[in-house]
file protein.pdb (PDB, C-alpha atoms (C1' of nucleotides))
ATOM      1  CA  MET A   1     109.699 123.275  56.311
ATOM      2  CA  GLU A   2     106.052 123.593  57.104
ATOM      3  CA  SER A   3     104.790 126.510  59.110
ATOM      4  CA  THR A   4     101.747 124.899  60.685
ATOM      5  CA  PHE A   5     101.027 121.541  62.249
ATOM      6  CA  SER A   6      98.068 119.300  62.743
ATOM      7  CA  ILE A   7      97.260 117.809  66.083
ATOM      8  CA  THR A   8      98.462 114.347  65.142
ATOM      9  CA  GLU A   9     101.684 115.692  63.707
ATOM     10  CA  LEU A  10     102.517 117.240  67.049
ATOM     11  CA  ALA A  11     101.241 114.200  68.861
ATOM     12  CA  GLU A  12     103.547 111.913  66.931
ATOM     13  CA  GLU A  13     106.523 114.224  67.087
ATOM     14  CA  PHE A  14     106.378 114.407  70.868
ATOM     15  CA  GLU A  15     104.866 111.015  71.540
ATOM     16  CA  VAL A  16     101.744 112.192  73.246
ATOM     17  CA  THR A  17      98.162 111.502  72.252
ATOM     18  CA  PRO A  18      95.926 114.043  70.547
ATOM     19  CA  ARG A  19      93.696 113.642  73.545
ATOM     20  CA  ALA A  20      96.436 114.967  75.775
ATOM     21  CA  ILE A  21      97.004 117.993  73.555
ATOM     22  CA  ARG A  22      93.313 118.800  73.559
ATOM     23  CA  PHE A  23      93.378 118.390  77.297
ATOM     24  CA  TYR A  24      96.103 121.014  77.600
ATOM     25  CA  GLU A  25      93.982 123.354  75.550
ATOM     26  CA  ASP A  26      91.018 122.649  77.769
ATOM     27  CA  LYS A  27      93.121 123.688  80.725
ATOM     28  CA  GLY A  28      94.162 126.903  79.008
ATOM     29  CA  LEU A  29      97.750 125.965  78.206
ATOM     30  CA  LEU A  30      97.278 126.134  74.469
ATOM     31  CA  SER A  31      94.980 128.029  72.123
ATOM     32  CA  PRO A  32      95.684 127.178  68.520
ATOM     33  CA  ARG A  33      93.882 128.837  65.640
ATOM     34  CA  ARG A  34      91.080 127.058  63.924
ATOM     35  CA  ASN A  35      90.355 126.233  60.369
ATOM     36  CA  GLY A  36      86.660 125.684  60.744
ATOM     37  CA  LEU A  37      86.690 123.265  63.603
ATOM     38  CA  THR A  38      90.096 121.815  62.935
ATOM     39  CA  ARG A  39      92.955 122.967  65.135
ATOM     40  CA  VAL A  40      95.918 124.551  63.395
ATOM     41  CA  TYR A  41      99.124 124.869  65.380
ATOM     42  CA  SER A  42     101.763 127.523  64.687
ATOM     43  CA  HIS A  43     105.424 127.328  65.598
ATOM     44  CA  ARG A  44     104.586 129.349  68.652
ATOM     45  CA  ASP A  45     102.023 126.779  69.707
ATOM     46  CA  ARG A  46     104.559 124.085  69.124
ATOM     47  CA  ALA A  47     107.089 125.922  71.282
ATOM     48  CA  ARG A  48     104.522 126.172  74.051
ATOM     49  CA  LEU A  49     103.884 122.476  73.825
ATOM     50  CA  ILE A  50     107.596 121.831  74.191
ATOM     51  CA  LEU A  51     107.620 123.970  77.315
ATOM     52  CA  ILE A  52     104.619 122.121  78.662
ATOM     53  CA  LEU A  53     106.260 118.750  78.184
ATOM     54  CA  ARG A  54     109.537 119.943  79.618
ATOM     55  CA  GLY A  55     107.669 121.256  82.638
ATOM     56  CA  LYS A  56     105.961 117.929  83.055
ATOM     57  CA  ARG A  57     109.248 116.093  82.805
ATOM     58  CA  VAL A  58     110.655 117.997  85.731
ATOM     59  CA  GLY A  59     107.538 117.449  87.758
ATOM     60  CA  PHE A  60     105.519 120.640  87.489
ATOM     61  CA  SER A  61     101.757 120.288  87.502
ATOM     62  CA  LEU A  62      99.779 121.582  84.560
ATOM     63  CA  ALA A  63      98.440 124.348  86.783
ATOM     64  CA  GLU A  64     101.959 125.535  87.570
ATOM     65  CA  ILE A  65     102.983 125.348  83.961
ATOM     66  CA  LYS A  66      99.975 127.391  83.032
ATOM     67  CA  GLU A  67     100.968 130.127  85.447
ATOM     68  CA  MET A  68     104.407 130.316  83.912
ATOM     69  CA  LEU A  69     103.080 130.404  80.385
ATOM     70  CA  ASP A  70     100.576 133.075  81.308
ATOM     71  CA  LEU A  71     103.323 135.231  82.751
ATOM     72  CA  TYR A  72     105.352 134.652  79.647
ATOM     73  CA  ASP A  73     102.534 136.126  77.611
ATOM     74  CA  VAL A  74     101.674 139.149  79.703
ATOM     75  CA  ASP A  75     105.137 140.066  80.811
ATOM     76  CA  ASP A  76     106.768 141.940  77.957
ATOM     77  CA  GLU A  77     110.354 141.711  79.087
ATOM     78  CA  GLN A  78     109.783 138.442  80.913
ATOM     79  CA  ILE A  79     110.998 139.902  84.160
ATOM     80  CA  GLU A  80     108.177 138.619  86.281
ATOM     81  CA  GLN A  81     108.204 135.423  84.314
ATOM     82  CA  ALA A  82     111.892 134.874  84.943
ATOM     83  CA  ARG A  83     111.542 135.683  88.617
ATOM     84  CA  TYR A  84     108.633 133.298  88.983
ATOM     85  CA  LEU A  85     110.519 130.633  87.131
ATOM     86  CA  VAL A  86     113.526 131.018  89.398
ATOM     87  CA  ILE A  87     111.422 130.783  92.526
ATOM     88  CA  LYS A  88     109.453 127.809  91.333
ATOM     89  CA  SER A  89     112.532 126.061  90.040
ATOM     90  CA  ARG A  90     114.279 126.384  93.346
ATOM     91  CA  GLU A  91     111.241 125.047  95.150
ATOM     92  CA  ARG A  92     111.096 122.156  92.762
ATOM     93  CA  ILE A  93     114.801 121.456  93.096
ATOM     94  CA  ASP A  94     114.477 121.300  96.863
ATOM     95  CA  ALA A  95     111.481 119.006  96.637
ATOM     96  CA  LEU A  96     113.278 116.788  94.174
ATOM     97  CA  LYS A  97     116.315 116.534  96.413
ATOM     98  CA  GLU A  98     114.124 115.462  99.286
ATOM     99  CA  GLN A  99     112.461 112.956  97.028
ATOM    100  CA  ARG A 100     115.840 111.627  96.022
ATOM    101  CA  ASP A 101     116.841 111.230  99.653
ATOM    102  CA  ASP A 102     113.611 109.333 100.271
ATOM    103  CA  ILE A 103     114.436 107.053  97.394
ATOM    104  CA  ASP A 104     117.926 106.423  98.693
ATOM    105  CA  GLN A 105     116.442 105.591 102.053
ATOM    106  CA  ALA A 106     113.951 103.224 100.450
ATOM    107  CA  ILE A 107     116.701 101.512  98.490
ATOM    108  CA  LYS A 108     118.630 100.969 101.681
ATOM    109  CA  GLU A 109     115.623  99.468 103.392
ATOM    110  CA  LEU A 110     114.957  97.218 100.458
ATOM    111  CA  GLU A 111     118.542  96.051 100.276
ATOM    112  CA  THR A 112     118.532  95.210 103.955
ATOM    113  CA  GLY A 113     115.304  93.254 103.667
ATOM    114  CA  CYS A 114     116.590  91.579 100.555
ATOM    115  CA  GLU A 115     119.753  90.386 102.239
ATOM    116  CA  ARG A 116     117.795  89.074 105.154
ATOM    117  CA  ALA A 117     115.570  87.097 102.825
ATOM    118  CA  GLU A 118     118.582  85.757 100.959
ATOM    119  CA  ASP A 119     120.125  84.603 104.207
ATOM    120  CA  HIS A 120     116.886  82.863 105.033
ATOM    121  CA  LEU A 121     116.898  81.099 101.692
ATOM    122  CA  ARG A 122     120.521  80.100 102.075
ATOM    123  CA  ASP A 123     119.578  78.612 105.410
ATOM    124  CA  LYS A 124     116.731  76.529 104.129
ATOM    125  CA  GLY A 125     118.038  75.423 100.806
ATOM    126  CA  ILE A 126     120.114  76.922  98.099
ATOM    127  CA  ALA A 127     117.785  77.872  95.310
ATOM    128  CA  LEU A 128     118.546  81.512  94.888
ATOM    129  CA  HIS A 129     119.694  81.269  91.298
ATOM    130  CA  ASP A 130     116.355  79.681  90.410
ATOM    131  CA  ALA A 131     114.590  82.773  91.579
ATOM    132  CA  VAL A 132     113.417  83.989  88.221
ATOM    133  CA  ALA A 133     110.036  85.635  87.988
ATOM    134  CA  ASP A 134     107.266  84.025  86.010
TER     135      ASP A 134
ATOM    136  CA  MET B 135     102.419  95.789 128.298
ATOM    137  CA  GLU B 136      99.045  95.268 126.724
ATOM    138  CA  SER B 137      98.445  92.348 124.445
ATOM    139  CA  THR B 138      95.736  93.834 122.242
ATOM    140  CA  PHE B 139      95.182  97.201 120.612
ATOM    141  CA  SER B 140      92.262  99.295 119.509
ATOM    142  CA  ILE B 141      92.124 100.829 116.096
ATOM    143  CA  THR B 142      92.880 104.318 117.344
ATOM    144  CA  GLU B 143      95.773 103.125 119.425
ATOM    145  CA  LEU B 144      97.421 101.720 116.328
ATOM    146  CA  ALA B 145      96.398 104.739 114.318
ATOM    147  CA  GLU B 146      98.082 107.082 116.758
ATOM    148  CA  GLU B 147     101.148 104.954 117.230
ATOM    149  CA  PHE B 148     101.856 104.878 113.500
ATOM    150  CA  GLU B 149     100.322 108.195 112.576
ATOM    151  CA  VAL B 150      97.734 106.911 110.195
ATOM    152  CA  THR B 151      93.990 107.363 110.384
ATOM    153  CA  PRO B 152      91.582 104.656 111.507
ATOM    154  CA  ARG B 153      90.046 105.022 108.119
ATOM    155  CA  ALA B 154      93.290 103.900 106.520
ATOM    156  CA  ILE B 155      93.526 100.858 108.753
ATOM    157  CA  ARG B 156      89.977  99.836 107.919
ATOM    158  CA  PHE B 157      90.840 100.365 104.302
ATOM    159  CA  TYR B 158      93.722  97.909 104.563
ATOM    160  CA  GLU B 159      91.321  95.403 106.055
ATOM    161  CA  ASP B 160      88.898  96.007 103.244
ATOM    162  CA  LYS B 161      91.644  95.166 100.812
ATOM    163  CA  GLY B 162      92.464  91.974 102.680
ATOM    164  CA  LEU B 163      95.743  93.076 104.249
ATOM    165  CA  LEU B 164      94.471  92.781 107.792
ATOM    166  CA  SER B 165      91.826  90.697 109.530
ATOM    167  CA  PRO B 166      91.683  91.470 113.227
ATOM    168  CA  ARG B 167      89.410  89.619 115.596
ATOM    169  CA  ARG B 168      86.185  91.196 116.650
ATOM    170  CA  ASN B 169      84.654  91.855 119.973
ATOM    171  CA  GLY B 170      81.097  92.204 118.799
ATOM    172  CA  LEU B 171      81.618  94.713 116.048
ATOM    173  CA  THR B 172      84.682  96.333 117.480
ATOM    174  CA  ARG B 173      88.031  95.417 115.982
ATOM    175  CA  VAL B 174      90.623  93.959 118.299
ATOM    176  CA  TYR B 175      94.212  93.881 117.074
ATOM    177  CA  SER B 176      96.769  91.372 118.290
ATOM    178  CA  HIS B 177     100.530  91.769 118.230
ATOM    179  CA  ARG B 178     100.507  89.806 115.036
ATOM    180  CA  ASP B 179      98.093  92.253 113.461
ATOM    181  CA  ARG B 180     100.272  95.067 114.648
ATOM    182  CA  ALA B 181     103.302  93.438 113.073
ATOM    183  CA  ARG B 182     101.434  93.128 109.803
ATOM    184  CA  LEU B 183     100.533  96.777 109.955
ATOM    185  CA  ILE B 184     104.185  97.628 110.414
ATOM    186  CA  LEU B 185     105.013  95.573 107.339
ATOM    187  CA  ILE B 186     102.292  97.294 105.390
ATOM    188  CA  LEU B 187     103.580 100.728 106.268
ATOM    189  CA  ARG B 188     107.155  99.763 105.550
ATOM    190  CA  GLY B 189     106.060  98.434 102.190
ATOM    191  CA  LYS B 190     104.310 101.672 101.438
ATOM    192  CA  ARG B 191     107.360 103.678 102.417
ATOM    193  CA  VAL B 192     109.479 101.907  99.853
ATOM    194  CA  GLY B 193     106.865 102.339  97.191
ATOM    195  CA  PHE B 194     105.007  99.058  96.977
ATOM    196  CA  SER B 195     101.331  99.216  96.138
ATOM    197  CA  LEU B 196      98.841  97.749  98.557
ATOM    198  CA  ALA B 197      98.176  94.973  96.068
ATOM    199  CA  GLU B 198     101.834  93.970  96.038
ATOM    200  CA  ILE B 199     102.051  94.129  99.799
ATOM    201  CA  LYS B 200      99.015  91.903 100.023
ATOM    202  CA  GLU B 201     100.659  89.276  97.835
ATOM    203  CA  MET B 202     103.685  89.228 100.084
ATOM    204  CA  LEU B 203     101.623  88.976 103.240
ATOM    205  CA  ASP B 204      99.515  86.222 101.746
ATOM    206  CA  LEU B 205     102.628  84.233 100.924
ATOM    207  CA  TYR B 206     103.879  84.838 104.412
ATOM    208  CA  ASP B 207     100.724  83.184 105.743
ATOM    209  CA  VAL B 208     100.524  80.172 103.495
ATOM    210  CA  ASP B 209     104.204  79.446 103.240
ATOM    211  CA  ASP B 210     105.219  77.602 106.373
ATOM    212  CA  GLU B 211     108.935  78.065 106.142
ATOM    213  CA  GLN B 212     108.623  81.320 104.228
ATOM    214  CA  ILE B 213     110.616  80.014 101.349
ATOM    215  CA  GLU B 214     108.302  81.168  98.620
ATOM    216  CA  GLN B 215     107.707  84.319 100.539
ATOM    217  CA  ALA B 216     111.406  85.079 100.809
ATOM    218  CA  ARG B 217     111.930  84.313  97.152
ATOM    219  CA  TYR B 218     109.068  86.538  96.122
ATOM    220  CA  LEU B 219     110.331  89.268  98.378
ATOM    221  CA  VAL B 220     113.789  89.100  96.857
ATOM    222  CA  ILE B 221     112.437  89.282  93.330
ATOM    223  CA  LYS B 222     110.088  92.119  94.080
ATOM    224  CA  SER B 223     112.681  93.999  96.048
ATOM    225  CA  ARG B 224     115.144  93.827  93.203
ATOM    226  CA  GLU B 225     112.529  95.015  90.771
ATOM    227  CA  ARG B 226     111.701  97.848  93.074
ATOM    228  CA  ILE B 227     115.333  98.772  93.590
ATOM    229  CA  ASP B 228     115.859  98.951  89.845
ATOM    230  CA  ALA B 229     112.756 101.078  89.401
ATOM    231  CA  LEU B 230     113.851 103.353  92.204
ATOM    232  CA  LYS B 231     117.268 103.794  90.694
ATOM    233  CA  GLU B 232     115.740 104.764  87.399
ATOM    234  CA  GLN B 233     113.494 107.153  89.219
ATOM    235  CA  ARG B 234     116.499 108.652  90.940
ATOM    236  CA  ASP B 235     118.254 109.117  87.627
ATOM    237  CA  ASP B 236     115.171 110.854  86.292
ATOM    238  CA  ILE B 237     115.202 113.142  89.262
ATOM    239  CA  ASP B 238     118.852 113.949  88.790
ATOM    240  CA  GLN B 239     118.136 114.724  85.169
ATOM    241  CA  ALA B 240     115.228 116.946  86.158
ATOM    242  CA  ILE B 241     117.376 118.795  88.667
ATOM    243  CA  LYS B 242     119.941 119.447  85.982
ATOM    244  CA  GLU B 243     117.328 120.778  83.610
ATOM    245  CA  LEU B 244     115.899 122.982  86.307
ATOM    246  CA  GLU B 245     119.286 124.345  87.268
ATOM    247  CA  THR B 246     120.071 125.174  83.676
ATOM    248  CA  GLY B 247     116.760 126.946  83.210
ATOM    249  CA  CYS B 248     117.244 128.692  86.494
ATOM    250  CA  GLU B 249     120.630 130.056  85.556
ATOM    251  CA  ARG B 250     119.324 131.254  82.251
ATOM    252  CA  ALA B 251     116.520 133.107  83.991
ATOM    253  CA  GLU B 252     118.955 134.608  86.468
ATOM    254  CA  ASP B 253     121.129 135.839  83.641
ATOM    255  CA  HIS B 254     118.093 137.402  82.066
ATOM    256  CA  LEU B 255     117.229 139.161  85.295
ATOM    257  CA  ARG B 256     120.780 140.359  85.745
ATOM    258  CA  ASP B 257     120.575 141.802  82.262
ATOM    259  CA  LYS B 258     117.394 143.732  82.860
ATOM    260  CA  GLY B 259     117.838 144.892  86.401
ATOM    261  CA  ILE B 260     119.314 143.505  89.523
ATOM    262  CA  ALA B 261     116.487 142.423  91.733
ATOM    263  CA  LEU B 262     117.311 138.841  92.321
ATOM    264  CA  HIS B 263     117.607 139.105  96.079
ATOM    265  CA  ASP B 264     114.071 140.513  96.197
ATOM    266  CA  ALA B 265     112.771 137.352  94.651
ATOM    267  CA  VAL B 266     110.977 136.027  97.676
ATOM    268  CA  ALA B 267     107.732 134.213  97.152
ATOM    269  CA  ASP B 268     104.495 135.668  98.463
TER     270      ASP B 268
ATOM    271  C1'  DA C 269      77.590 107.412  45.751
ATOM    272  C1'  DG C 270      80.549 105.279  48.816
ATOM    273  C1'  DT C 271      84.063 105.176  52.015
ATOM    274  C1'  DC C 272      88.161 106.211  54.210
ATOM    275  C1'  DA C 273      91.400 109.093  56.927
ATOM    276  C1'  DG C 274      91.389 112.612  59.728
ATOM    277  C1'  DG C 275      89.169 115.829  62.597
ATOM    278  C1'  DT C 276      85.479 117.417  66.183
ATOM    279  C1'  DT C 277      82.691 117.690  70.812
ATOM    280  C1'  DG C 278      80.782 115.867  74.944
ATOM    281  C1'  DA C 279      80.705 112.817  78.618
ATOM    282  C1'  DC C 280      81.720 109.155  81.394
ATOM    283  C1'  DG C 281      85.587 105.846  83.067
ATOM    284  C1'  DT C 282      90.181 104.923  85.156
ATOM    285  C1'  DT C 283      93.700 104.671  88.857
ATOM    286  C1'  DT C 284      95.139 104.650  94.095
ATOM    287  C1'  DA C 285      94.565 105.392  98.734
ATOM    288  C1'  DC C 286      92.142 107.045 101.311
ATOM    289  C1'  DG C 287      88.763 111.617 103.198
ATOM    290  C1'  DT C 288      84.404 112.810 104.614
ATOM    291  C1'  DC C 289      80.148 112.588 105.650
ATOM    292  C1'  DA C 290      75.631 110.225 107.625
ATOM    293  C1'  DA C 291      73.336 107.379 110.605
ATOM    294  C1'  DC C 292      73.733 104.274 113.844
ATOM    295  C1'  DG C 293      75.403 101.197 118.112
ATOM    296  C1'  DT C 294      77.303 100.745 122.877
ATOM    297  C1'  DC C 295      79.333 101.203 127.071
ATOM    298  C1'  DA C 296      80.705 103.718 131.169
ATOM    299  C1'  DA C 297      80.129 107.880 133.770
ATOM    300  C1'  DC C 298      77.507 111.471 135.846
TER     301       DC C 298
ATOM    302  C1'  DG D 299      68.595 109.033 131.301
ATOM    303  C1'  DT D 300      71.502 111.385 128.863
ATOM    304  C1'  DT D 301      75.894 112.812 127.591
ATOM    305  C1'  DG D 302      80.316 111.700 125.600
ATOM    306  C1'  DA D 303      83.951 108.889 123.834
ATOM    307  C1'  DC D 304      84.678 105.414 120.910
ATOM    308  C1'  DG D 305      83.312 102.279 117.677
ATOM    309  C1'  DT D 306      80.682 100.544 113.369
ATOM    310  C1'  DT D 307      78.985 100.268 108.216
ATOM    311  C1'  DG D 308      77.908 102.072 103.821
ATOM    312  C1'  DA D 309      78.398 105.294 100.286
ATOM    313  C1'  DC D 310      79.852 109.083  97.856
ATOM    314  C1'  DG D 311      83.865 112.506  97.009
ATOM    315  C1'  DT D 312      88.753 113.669  95.841
ATOM    316  C1'  DA D 313      93.131 114.396  93.298
ATOM    317  C1'  DA D 314      95.620 114.494  88.189
ATOM    318  C1'  DA D 315      95.955 113.614  83.747
ATOM    319  C1'  DC D 316      94.301 111.801  80.675
ATOM    320  C1'  DG D 317      91.707 107.067  78.218
ATOM    321  C1'  DT D 318      87.876 105.603  75.918
ATOM    322  C1'  DC D 319      83.915 105.529  74.060
ATOM    323  C1'  DA D 320      79.853 107.501  70.918
ATOM    324  C1'  DA D 321      78.147 110.202  67.420
ATOM    325  C1'  DC D 322      79.133 113.389  64.332
ATOM    326  C1'  DC D 323      81.410 116.286  60.362
ATOM    327  C1'  DT D 324      84.318 116.963  56.202
ATOM    328  C1'  DG D 325      87.252 116.816  52.364
ATOM    329  C1'  DA D 326      89.565 113.713  49.171
ATOM    330  C1'  DC D 327      89.760 109.773  46.453
ATOM    331  C1'  DT D 328      87.553 105.898  43.854
TER     332       DT D 328
END
call {"tool": "encode", "arguments": {"input": "protein.pdb", "output": "structure tokens"}}
result
Amino acid sequence: MESTFSITELAEEFEVTPRAIRFYEDKGLLSPRRNGLTRVYSHRDRARLILILRGKRVGFSLAEIKEMLDLYDVDDEQIEQARYLVIKSRERIDALKEQRDDIDQAIKELETGCERAEDHLRDKGIALHDAVAD
Amino acid sequence: MESTFSITELAEEFEVTPRAIRFYEDKGLLSPRRNGLTRVYSHRDRARLILILRGKRVGFSLAEIKEMLDLYDVDDEQIEQARYLVIKSRERIDALKEQRDDIDQAIKELETGCERAEDHLRDKGIALHDAVAD
DNA sequence: AGTCAGGTTGACGTTTACGTCAACGTCAAC
DNA sequence: GTTGACGTTGACGTAAACGTCAACCTGACT
């Protein structure tokens, strides 16, 4: 079990490009050690990357993720960090629920329009089953 | 009941900016008549605008909306248009459902992380109710 | 010596749907 | 005759998160 990682190792493991990882560093989310110029990632760096990607999955911006990670560093007992995380998570959950409602609404609209179009087709000629995309 | 509209009238009615409406024209989604330079919108133009905004609401790109509108024009009995609409709508519905699943997944992840953080806070000191954002 | 795999730093390009000027026209009202 | 409301056309700016070069270095193998 290796104790350090190269940029492409991490990139492949998590299916992101090296460019993306460097980008996160640029934005202050990562700061791996260097061997000369080459980046060398510790397990801690790897853990941070996991947190970054998890944050992205649930819709946080890189800026928000950075704030959380920064708190995680400064805050010894992670009290502020935990509090911030709770607040932000609740905000995000609310936003996501709204987004989900919007999606449900959109699906309804689409289904209505779809049925109307199908009726129209049935009227003019029955060729619905031929409706395969090119 | 007026039979034509100015750009700001439409903009206000549908709560978009004139800039947006001109943008749609630029992209070929609208082509109002002109009185000199000034744009004059008919009921038909207004109807198209409604379709554009509905399309946007359900997540179609302007390019996709344009394709539908173009078909609507060419296609006399709207057969191709209806078929295209059905296909695209189904695609969109599928994509939206996936998106909704992603959101549900994200909410779950957030709730888990949230609970963990709350436990941590409860461990260290009870100050959860003070956790109001600034 | 050559050359390849892997790494590096800029720096500009991409996407979408507009926002935000600037500089100008025009028509009616005062 | 000038003010004001409303309109016009460019043209550049914006957001986020990278993609995509170019030009370079460096150590290992052949």
call {"tool": "residues_around", "arguments": {"input": "protein.pdb", "residues": "Asp228 in chain B", "least_positions_apart": "5", "cutoff": "12 Å", "atoms": "all atoms listed in the file", "output": "PDB file with C-alpha atoms, in the coordinates of the input"}}
result
ATOM      1  CA  ILE A 103     114.436 107.053  97.394  1.00  0.00           C
ATOM      2  CA  ASP A 104     117.926 106.423  98.693  1.00  0.00           C
ATOM      3  CA  ALA A 106     113.951 103.224 100.450  1.00  0.00           C
ATOM      4  CA  ILE A 107     116.701 101.512  98.490  1.00  0.00           C
ATOM      5  CA  LEU A 110     114.957  97.218 100.458  1.00  0.00           C
ATOM      6  CA  GLU A 111     118.542  96.051 100.276  1.00  0.00           C
TER       7      GLU A 111
ATOM      8  CA  ILE B 221     112.437  89.282  93.330  1.00  0.00           C
ATOM      9  CA  LYS B 222     110.088  92.119  94.080  1.00  0.00           C
ATOM     10  CA  SER B 223     112.681  93.999  96.048  1.00  0.00           C
ATOM     11  CA  GLN B 233     113.494 107.153  89.219  1.00  0.00           C
ATOM     12  CA  ARG B 234     116.499 108.652  90.940  1.00  0.00           C
ATOM     13  CA  ASP B 235     118.254 109.117  87.627  1.00  0.00           C
TER      14      ASP B 235
END
call {"tool": "resolve_selection", "arguments": {"input": "protein.pdb", "expression": "the PyMOL selection byres ((chain D) within 9 of (chain A))", "output": "compact mmCIF listing (two decimals) with C-alpha atoms (C1' of nucleotides), in the coordinates of the input"}}
result
# COMPACT_ATOMS: atom_id res chain seq x y z
C1' DA D 314 95.62 114.49 88.19
C1' DA D 315 95.96 113.61 83.75
C1' DC D 316 94.30 111.80 80.68
C1' DG D 317 91.71 107.07 78.22
call {"tool": "closest_atom_pairs", "arguments": {"input": "protein.pdb", "of": "chain A", "to": "chain C", "cutoff": "12 Å", "atoms": "all atoms listed in the file", "output": "tab-separated table"}}
result
residue	atom	partner	partner_atom	distance
A:Ser6	CA	C:DG275	C1'	9.6
A:Ile7	CA	C:DG275	C1'	9.0
A:Thr8	CA	C:DG274	C1'	9.1
A:Glu9	CA	C:DG274	C1'	11.5
A:Pro18	CA	C:DG275	C1'	10.6
A:Arg19	CA	C:DT276	C1'	11.7
A:Arg22	CA	C:DT276	C1'	10.8
A:Asp26	CA	C:DT277	C1'	11.9
A:Arg34	CA	C:DT276	C1'	11.4
A:Asn35	CA	C:DG275	C1'	10.7
A:Gly36	CA	C:DT276	C1'	10.0
A:Leu37	CA	C:DT276	C1'	6.5
A:Thr38	CA	C:DG275	C1'	6.1
A:Arg39	CA	C:DG275	C1'	8.5
A:Val40	CA	C:DG275	C1'	11.1
call {"tool": "atom_distance", "arguments": {"input": "protein.pdb", "atom1": "CA of Arg122 in chain A", "atom2": "CA of Asp210 in chain B"}}
result
16.1 Å
call {"tool": "closest_atom_pairs", "arguments": {"input": "protein.pdb", "of": "chain B", "to": "chain A", "cutoff": "10 Å", "atoms": "only C-alpha atoms", "output": "Markdown table"}}
result
| residue | atom | partner | partner_atom | distance |
| --- | --- | --- | --- | --- |
| B:Arg188 | CA | A:Glu109 | CA | 8.7 |
| B:Gly189 | CA | A:Leu110 | CA | 9.1 |
| B:Lys190 | CA | A:Ala106 | CA | 9.8 |
| B:Arg191 | CA | A:Ala106 | CA | 6.9 |
| B:Val192 | CA | A:Ala106 | CA | 4.7 |
| B:Gly193 | CA | A:Ala106 | CA | 7.8 |
| B:Glu211 | CA | A:Lys124 | CA | 8.2 |
| B:Gln212 | CA | A:His120 | CA | 8.4 |
| B:Ile213 | CA | A:Leu121 | CA | 6.4 |
| B:Glu214 | CA | A:Leu121 | CA | 9.1 |
| B:Gln215 | CA | A:Ala117 | CA | 8.6 |
| B:Ala216 | CA | A:Ala117 | CA | 5.0 |
| B:Arg217 | CA | A:Ala131 | CA | 6.4 |
| B:Tyr218 | CA | A:Ala131 | CA | 8.1 |
| B:Leu219 | CA | A:Cys114 | CA | 7.0 |
| B:Val220 | CA | A:Cys114 | CA | 5.3 |
| B:Ile221 | CA | A:Ala133 | CA | 6.9 |
| B:Lys222 | CA | A:Ala133 | CA | 8.9 |
| B:Ser223 | CA | A:Leu110 | CA | 5.9 |
| B:Arg224 | CA | A:Cys114 | CA | 7.8 |
| B:Arg226 | CA | A:Leu110 | CA | 8.1 |
| B:Ile227 | CA | A:Ile107 | CA | 5.8 |
| B:Asp228 | CA | A:Ile107 | CA | 9.1 |
| B:Ala229 | CA | A:Ile107 | CA | 9.9 |
| B:Leu230 | CA | A:Ile103 | CA | 6.4 |
| B:Lys231 | CA | A:Ile103 | CA | 8.0 |
| B:Gln233 | CA | A:Ile103 | CA | 8.2 |
| B:Arg234 | CA | A:Arg100 | CA | 5.9 |
| B:Asp235 | CA | A:Arg100 | CA | 9.1 |
| B:Asp236 | CA | A:Val58 | CA | 8.5 |
| B:Ile237 | CA | A:Leu96 | CA | 6.4 |
| B:Asp238 | CA | A:Arg100 | CA | 8.2 |
| B:Gln239 | CA | A:Val58 | CA | 8.2 |
| B:Ala240 | CA | A:Val58 | CA | 4.7 |
| B:Ile241 | CA | A:Ile93 | CA | 5.8 |
| B:Lys242 | CA | A:Ile93 | CA | 9.0 |
| B:Glu243 | CA | A:Val58 | CA | 7.5 |
| B:Leu244 | CA | A:Ser89 | CA | 5.9 |
| B:Glu245 | CA | A:Ser89 | CA | 7.5 |
| B:Thr246 | CA | A:Ser89 | CA | 9.9 |
| B:Gly247 | CA | A:Ser89 | CA | 8.1 |
| B:Cys248 | CA | A:Val86 | CA | 5.3 |
| B:Glu249 | CA | A:Val86 | CA | 8.1 |
| B:Arg250 | CA | A:Ala82 | CA | 8.7 |
| B:Ala251 | CA | A:Ala82 | CA | 5.0 |
| B:Glu252 | CA | A:Val86 | CA | 7.1 |
| B:Asp253 | CA | A:Ala82 | CA | 9.4 |
| B:His254 | CA | A:Ala82 | CA | 7.3 |
| B:Leu255 | CA | A:Ile79 | CA | 6.4 |
| B:Arg256 | CA | A:Ile79 | CA | 9.9 |
| B:Asp257 | CA | A:Ile79 | CA | 9.9 |
| B:Lys258 | CA | A:Ile79 | CA | 7.6 |
| B:Gly259 | CA | A:Ile79 | CA | 8.8 |
| B:Ala261 | CA | A:Arg83 | CA | 8.9 |
| B:Leu262 | CA | A:Arg83 | CA | 7.5 |
| B:Asp264 | CA | A:Arg83 | CA | 9.3 |
| B:Ala265 | CA | A:Arg83 | CA | 6.4 |
| B:Val266 | CA | A:Ile87 | CA | 7.4 |
| B:Ala267 | CA | A:Ile87 | CA | 6.8 |
call {"tool": "atom_distance", "arguments": {"input": "protein.pdb", "atom1": "CA of Met68 in chain A", "atom2": "CA of Thr4 in chain A"}}
result
24.0 Å
call {"tool": "atom_distance", "arguments": {"input": "protein.pdb", "atom1": "CA of Glu91 in chain A", "atom2": "C1' of DA313 in chain D"}}
result
21.1 Å
call {"tool": "resolve_selection", "arguments": {"input": "protein.pdb", "expression": "the PyMOL selection byres ((chain B and resi 162-164) around 9)", "output": "list in words"}}
result
Ile155, Arg156, Phe157, Tyr158, Glu159, Asp160, Lys161, Ser165, Pro166, Asp179, Arg182, Leu183, Ile186, Leu196, Ala197, Ile199, Lys200, Glu201, Leu203 and Asp204 of chain B
call {"tool": "closest_residue", "arguments": {"input": "protein.pdb", "among": "B:Phe139, B:Glu149, B:Leu205, B:Phe194", "to": "Arg167 in chain B", "atoms": "only C-alpha atoms"}}
result
B:Phe139
